[in-house]
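**Q** Encoded as structure tokens, here's the structure I'll be asking about.
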Amino acid sequence: YDADRGNGTLTQCRARGRFRKERMSPLDGDWVRFSASGAQGMVEEIEPRRNSFIRPAVSNLDALVVLASGANPVTDPFLIDRVAAIAGNQNVPVVLCVNKTDLESGESLTHIYRHAGFPVFPTSAASGEGVAALHEAVRGKTVAFTGNSGVGKSSILNCLGFSVETGEVSEKLGRGRHTTRHVELFPLADGTCVIDTPGFSSFDTEQMELILKENLQYAFPDFAPYLGRCRYHDCAHLSEPGCAVLEALAAGGLGPTRHASYARLYEAAKEIRLWEHKQP
């Protein structure tokens with residue numbers, strides 16, 4: 001682990017063995033207390049976290065920036081919804097960046113998520129379109145950037161002033177090659193801290209955060225106006241009569257892909273046992 005003394009000086013640290021016994025490891029974004037001897041250090045304490053995630057392994061986020069694309073490789077809305085639900089479950093705001101607008105406008109994705117209430121920034125790493133607005137939206141915050149491989153995440157980070165290795169998109173596979181393999185925090189002079197993460201292609205569904213089915217409805221912010229208005233207090237919002245969420249869906253108040261993603265996630269959440277629901 002690399003620990004920043006607060007002045008940009010990094011100290012390579014190991015974590016005390018007790019953290020392993022406590023099943024707690026330092027994450028990118030943690031505030032820690034560490035001792036140092038020369039260039040080496042030891043993490044002694046990890047300050048309480050405001051939020052934390054397993055995949056990507058980060059903590060204390062002010063926002064999660066999800067990159068997507070309407071061009072090759074086209075982003076499946078379910079991938080966005082799955083990660084947005086995980087962020088919503090931790091009360092972390094999601095910012096959507098629809099990249100590669102120089103190749104495809106991404107209007108469909110932009111419409112879906114603006115309708116759902118998310119801030120959406122169409123961008124082009126090639127032309128620079130929308131990059132300044134995106135930068136302003138995350139200025140002074142600790143944010144993680146993630147997205148399916150090949151959508152131009154590293155290129156957008158480079159537009160923001162970083163130097164990140166980029167990879168070509170395989171036309172055959174529709175995914176990036178030689179892209180980010182690990183989590184790394186990059187500080188900007190304006191106080192912004194960006195955590196770059198591996199793309200979705202390195203994520204396994206089984207290793208994503210667990211969300212109890214009872215909590216899943218609250219992880220979809222566009223459901224909020226309709227919660228508590230259903231006929232049954234334990235409504236699952238799937239097929240129940242008198243469901244305010246389904247009525248909003250039928251009336252166009254909710255996007256169909258959003259509810260479809262909720263239904264898929266709910267089916268997976270039904271298999272979760274309470275004792276399995278642990279934070280990192």
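Residues are named by chain letter and number: chains run A, B, ... in the order of the structure tokens, numbers start at 1 in each chain, and ligands are numbered from 1 in the order shown.
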Find the nearest atom pair between each residue of region 113-145 of chain A and region 209-228 of chain A for residues within 10 Å, count only C-alpha atoms, give distances in Å to one decimal, sort rows by chain and ascending number, and present the table as a tab-separated table.
**A**
```
residue	atom	partner	partner_atom	distance
A:Tyr113	CA	A:Asp222	CA	9.6
A:His115	CA	A:Asp222	CA	8.5
A:Ala116	CA	A:Asp222	CA	5.3
A:Gly117	CA	A:Asp222	CA	6.5
A:Phe118	CA	A:Pro221	CA	8.8
```
**Q** List the neighbours of Val138 (chain A) out to 12 Å using only C-alpha atoms; skip same-chain residues closer than 4 positions along the sequence, and give me the result as a PyMOL selection string.
**A** chain A and resi 61-65+93-97+119+121+131-134+142-145+160+188+190-195
**Q** Generate a file of the selected residues that holds N, CA, C and O atoms, formatted as a JSON list (two decimals), in the first residue's frame.
**A**
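After the write, out-v3.json holds the following:
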```
[["chain", "number", "residue", "atom", "x", "y", "z"],
["A", 61, "LEU", "N", -15.91, 7.54, -0.88],
["A", 61, "LEU", "CA", -16.20, 8.23, -2.13],
["A", 61, "LEU", "C", -17.23, 9.33, -1.92],
["A", 61, "LEU", "O", -18.19, 9.18, -1.17],
["A", 62, "ASP", "N", -17.03, 10.44, -2.65],
["A", 62, "ASP", "CA", -18.05, 11.48, -2.72],
["A", 62, "ASP", "C", -18.98, 11.24, -3.91],
["A", 62, "ASP", "O", -20.12, 11.71, -3.91],
["A", 63, "ALA", "N", -18.49, 10.52, -4.90],
["A", 63, "ALA", "CA", -19.31, 10.19, -6.07],
["A", 63, "ALA", "C", -18.64, 9.06, -6.84],
["A", 63, "ALA", "O", -17.43, 8.84, -6.73],
["A", 64, "LEU", "N", -19.44, 8.33, -7.59],
["A", 64, "LEU", "CA", -18.95, 7.29, -8.49],
["A", 64, "LEU", "C", -19.27, 7.71, -9.91],
["A", 64, "LEU", "O", -20.43, 7.95, -10.25],
["A", 65, "VAL", "N", -18.24, 7.84, -10.74],
["A", 65, "VAL", "CA", -18.42, 8.21, -12.14],
["A", 65, "VAL", "C", -18.42, 6.93, -12.97],
["A", 65, "VAL", "O", -17.42, 6.20, -13.00],
["A", 93, "PRO", "N", -23.57, 9.22, -4.57],
["A", 93, "PRO", "CA", -24.15, 9.71, -5.83],
["A", 93, "PRO", "C", -23.43, 9.14, -7.04],
["A", 93, "PRO", "O", -22.21, 8.91, -7.01],
["A", 94, "VAL", "N", -24.18, 8.91, -8.10],
["A", 94, "VAL", "CA", -23.62, 8.40, -9.35],
["A", 94, "VAL", "C", -23.68, 9.49, -10.41],
["A", 94, "VAL", "O", -24.70, 10.17, -10.58],
["A", 95, "VAL", "N", -22.57, 9.65, -11.11],
["A", 95, "VAL", "CA", -22.49, 10.55, -12.26],
["A", 95, "VAL", "C", -22.23, 9.67, -13.48],
["A", 95, "VAL", "O", -21.33, 8.83, -13.46],
["A", 96, "LEU", "N", -23.04, 9.84, -14.52],
["A", 96, "LEU", "CA", -22.87, 9.03, -15.73],
["A", 96, "LEU", "C", -22.18, 9.86, -16.80],
["A", 96, "LEU", "O", -22.59, 10.98, -17.11],
["A", 97, "CYS", "N", -21.13, 9.29, -17.36],
["A", 97, "CYS", "CA", -20.40, 9.90, -18.47],
["A", 97, "CYS", "C", -20.62, 9.02, -19.70],
["A", 97, "CYS", "O", -20.18, 7.87, -19.73],
["A", 119, "PRO", "N", -27.20, 12.86, -13.00],
["A", 119, "PRO", "CA", -26.46, 13.81, -13.83],
["A", 119, "PRO", "C", -25.72, 13.06, -14.93],
["A", 119, "PRO", "O", -25.01, 12.09, -14.64],
["A", 121, "PHE", "N", -23.28, 13.36, -18.46],
["A", 121, "PHE", "CA", -22.37, 14.20, -19.24],
["A", 121, "PHE", "C", -21.94, 13.46, -20.51],
["A", 121, "PHE", "O", -21.12, 12.55, -20.45],
["A", 131, "VAL", "N", -15.82, 17.43, -21.48],
["A", 131, "VAL", "CA", -14.83, 17.08, -20.46],
["A", 131, "VAL", "C", -14.76, 18.15, -19.38],
["A", 131, "VAL", "O", -14.67, 17.85, -18.19],
["A", 132, "ALA", "N", -14.81, 19.42, -19.77],
["A", 132, "ALA", "CA", -14.74, 20.52, -18.80],
["A", 132, "ALA", "C", -15.93, 20.47, -17.84],
["A", 132, "ALA", "O", -15.78, 20.68, -16.63],
["A", 133, "ALA", "N", -17.12, 20.19, -18.38],
["A", 133, "ALA", "CA", -18.31, 20.10, -17.53],
["A", 133, "ALA", "C", -18.20, 18.93, -16.57],
["A", 133, "ALA", "O", -18.60, 19.04, -15.39],
["A", 134, "LEU", "N", -17.68, 17.80, -17.04],
["A", 134, "LEU", "CA", -17.49, 16.64, -16.17],
["A", 134, "LEU", "C", -16.50, 16.97, -15.07],
["A", 134, "LEU", "O", -16.72, 16.64, -13.89],
["A", 142, "THR", "N", -13.59, 13.26, -3.91],
["A", 142, "THR", "CA", -12.93, 11.96, -4.12],
["A", 142, "THR", "C", -13.89, 11.08, -4.89],
["A", 142, "THR", "O", -14.99, 10.80, -4.42],
["A", 143, "VAL", "N", -13.51, 10.73, -6.10],
["A", 143, "VAL", "CA", -14.41, 10.00, -6.98],
["A", 143, "VAL", "C", -13.69, 8.80, -7.57],
["A", 143, "VAL", "O", -12.46, 8.79, -7.70],
["A", 144, "ALA", "N", -14.45, 7.77, -7.89],
["A", 144, "ALA", "CA", -13.91, 6.61, -8.61],
["A", 144, "ALA", "C", -14.49, 6.62, -10.02],
["A", 144, "ALA", "O", -15.66, 6.97, -10.22],
["A", 145, "PHE", "N", -13.66, 6.28, -10.98],
["A", 145, "PHE", "CA", -14.09, 6.14, -12.37],
["A", 145, "PHE", "C", -14.14, 4.65, -12.68],
["A", 145, "PHE", "O", -13.18, 3.92, -12.44],
["A", 160, "LEU", "N", -8.43, 14.80, -18.30],
["A", 160, "LEU", "CA", -8.52, 15.52, -17.03],
["A", 160, "LEU", "C", -7.14, 15.87, -16.47],
["A", 160, "LEU", "O", -7.05, 16.52, -15.44],
["A", 188, "LEU", "N", -5.39, 15.61, -8.02],
["A", 188, "LEU", "CA", -5.27, 16.78, -8.88],
["A", 188, "LEU", "C", -4.96, 18.00, -8.03],
["A", 188, "LEU", "O", -5.28, 18.05, -6.84],
["A", 190, "ASP", "N", -6.41, 20.77, -7.90],
["A", 190, "ASP", "CA", -7.59, 21.49, -7.42],
["A", 190, "ASP", "C", -8.28, 20.77, -6.25],
["A", 190, "ASP", "O", -9.37, 21.14, -5.85],
["A", 191, "GLY", "N", -7.62, 19.75, -5.70],
["A", 191, "GLY", "CA", -8.20, 19.04, -4.57],
["A", 191, "GLY", "C", -9.02, 17.83, -4.94],
["A", 191, "GLY", "O", -9.52, 17.11, -4.07],
["A", 192, "THR", "N", -9.18, 17.59, -6.24],
["A", 192, "THR", "CA", -9.91, 16.41, -6.70],
["A", 192, "THR", "C", -9.02, 15.18, -6.60],
["A", 192, "THR", "O", -7.84, 15.23, -6.94],
["A", 193, "CYS", "N", -9.58, 14.09, -6.10],
["A", 193, "CYS", "CA", -8.86, 12.81, -6.07],
["A", 193, "CYS", "C", -9.65, 11.81, -6.89],
["A", 193, "CYS", "O", -10.83, 11.59, -6.63],
["A", 194, "VAL", "N", -9.02, 11.24, -7.88],
["A", 194, "VAL", "CA", -9.68, 10.30, -8.78],
["A", 194, "VAL", "C", -9.10, 8.91, -8.57],
["A", 194, "VAL", "O", -7.88, 8.72, -8.60],
["A", 195, "ILE", "N", -9.98, 7.95, -8.32],
["A", 195, "ILE", "CA", -9.57, 6.56, -8.18],
["A", 195, "ILE", "C", -9.94, 5.84, -9.47],
["A", 195, "ILE", "O", -11.10, 5.73, -9.83]]
```
**Q** Would you mind reading off the distance between CA of Val66 (chain A) and CA of Tyr1 (chain A), one decimal, in Å?
**A**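 Here the two named atoms are 25.0 Å from each other.
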**Q** Considering only C-alpha atoms, can you say which of A:Asn72, A:Thr146, A:Asn51, A:Asn158 comes closest to Leu103 (chain A)?
**A**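 Counting only C-alpha atoms, the residue closest to Leu103 (chain A) is A:Asn72.
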**Q** Applying 12 Å and only C-alpha atoms, which residues near region 43-47 of chain A remain after dropping the ones on its own chain fewer than 3 positions away? List them as an NGL selection string.
**A** :A and (1-4 or 11-19 or 22 or 24-37 or 40 or 50-51 or 59-60)
**Q** Could you tell me how far CA of Tyr232 (chain A) lies from CA of Ala244 (chain A), in Å and to one decimal?
**A** 9.9 Å
**Q** Of the candidates A:Gly252, A:Gly106, A:Gly140, A:Gly41, which one gets nearest to Thr75 (chain A) if we count only C-alpha atoms?
**A**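 Among the listed residues, the smallest separation from Thr75 (chain A) belongs to A:Gly106.
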**Q** Could you please write out, as a list in words, every residue of region 192-261 of chain A that DSSP assigns to alpha helix (DSSP H)?
**A**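 Residues of region 192-261 of chain A classed as alpha helix (DSSP H): Lys213, Glu214, Asn215, Leu216, Ala244, Val245, Leu246, Glu247, Ala248, Leu249, Ala250, Ala251, Pro256, Thr257, Arg258, His259, Ala260 and Ser261 of chain A.
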**Q** Atoms to include: C-alpha atoms. Write the selected residues as a short mmCIF file (atom, residue, chain, number, x, y, z; two decimals), in the first residue's frame.
**A**
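What ended up in out.cif:
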```cif
data_model
loop_
_atom_site.label_atom_id
_atom_site.label_comp_id
_atom_site.auth_asym_id
_atom_site.auth_seq_id
_atom_site.Cartn_x
_atom_site.Cartn_y
_atom_site.Cartn_z
CA LYS A 213 -33.92 -7.60 -1.43
CA GLU A 214 -35.66 -5.42 1.16
CA ASN A 215 -33.07 -2.67 0.60
CA LEU A 216 -32.85 -2.87 -3.19
CA ALA A 244 -47.28 2.46 -7.15
CA VAL A 245 -43.95 1.63 -8.82
CA LEU A 246 -45.62 -0.50 -11.49
CA GLU A 247 -48.25 2.19 -12.02
CA ALA A 248 -45.48 4.75 -12.53
CA LEU A 249 -43.80 2.37 -14.97
CA ALA A 250 -47.01 2.01 -16.98
CA ALA A 251 -47.52 5.79 -16.99
CA PRO A 256 -38.57 0.23 -18.60
CA THR A 257 -34.87 -0.70 -18.59
CA ARG A 258 -34.52 0.60 -15.05
CA HIS A 259 -37.35 -1.57 -13.77
CA ALA A 260 -36.10 -4.55 -15.78
CA SER A 261 -32.70 -4.17 -14.09
#
```
**Q** Looking only at the backbone, which of the residues in region 38-169 of chain A does DSSP tag as strand (DSSP E or B), as JSON, numbers by chain?
**A** {"A": [40, 41, 42, 43, 44, 45, 46, 52, 58, 59, 63, 64, 65, 66, 67, 68, 69, 94, 95, 96, 97, 98, 99, 120, 121, 122, 142, 143, 144, 145, 146, 147, 169]}
**Q** Record the distance separating CA of Lys270 (chain A) and CA of Asn148 (chain A), expressed in Å with one decimal.
**A**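 These atoms are spaced 26.0 Å apart.
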**Q** Which of these, A:Arg231, A:Ser154, A:Gly147, A:Gly38, has the shortest distance to Ala84 (chain A) once you count only C-alpha atoms?
**A**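 Using only C-alpha atoms, the shortest distance to Ala84 (chain A) belongs to A:Gly147.
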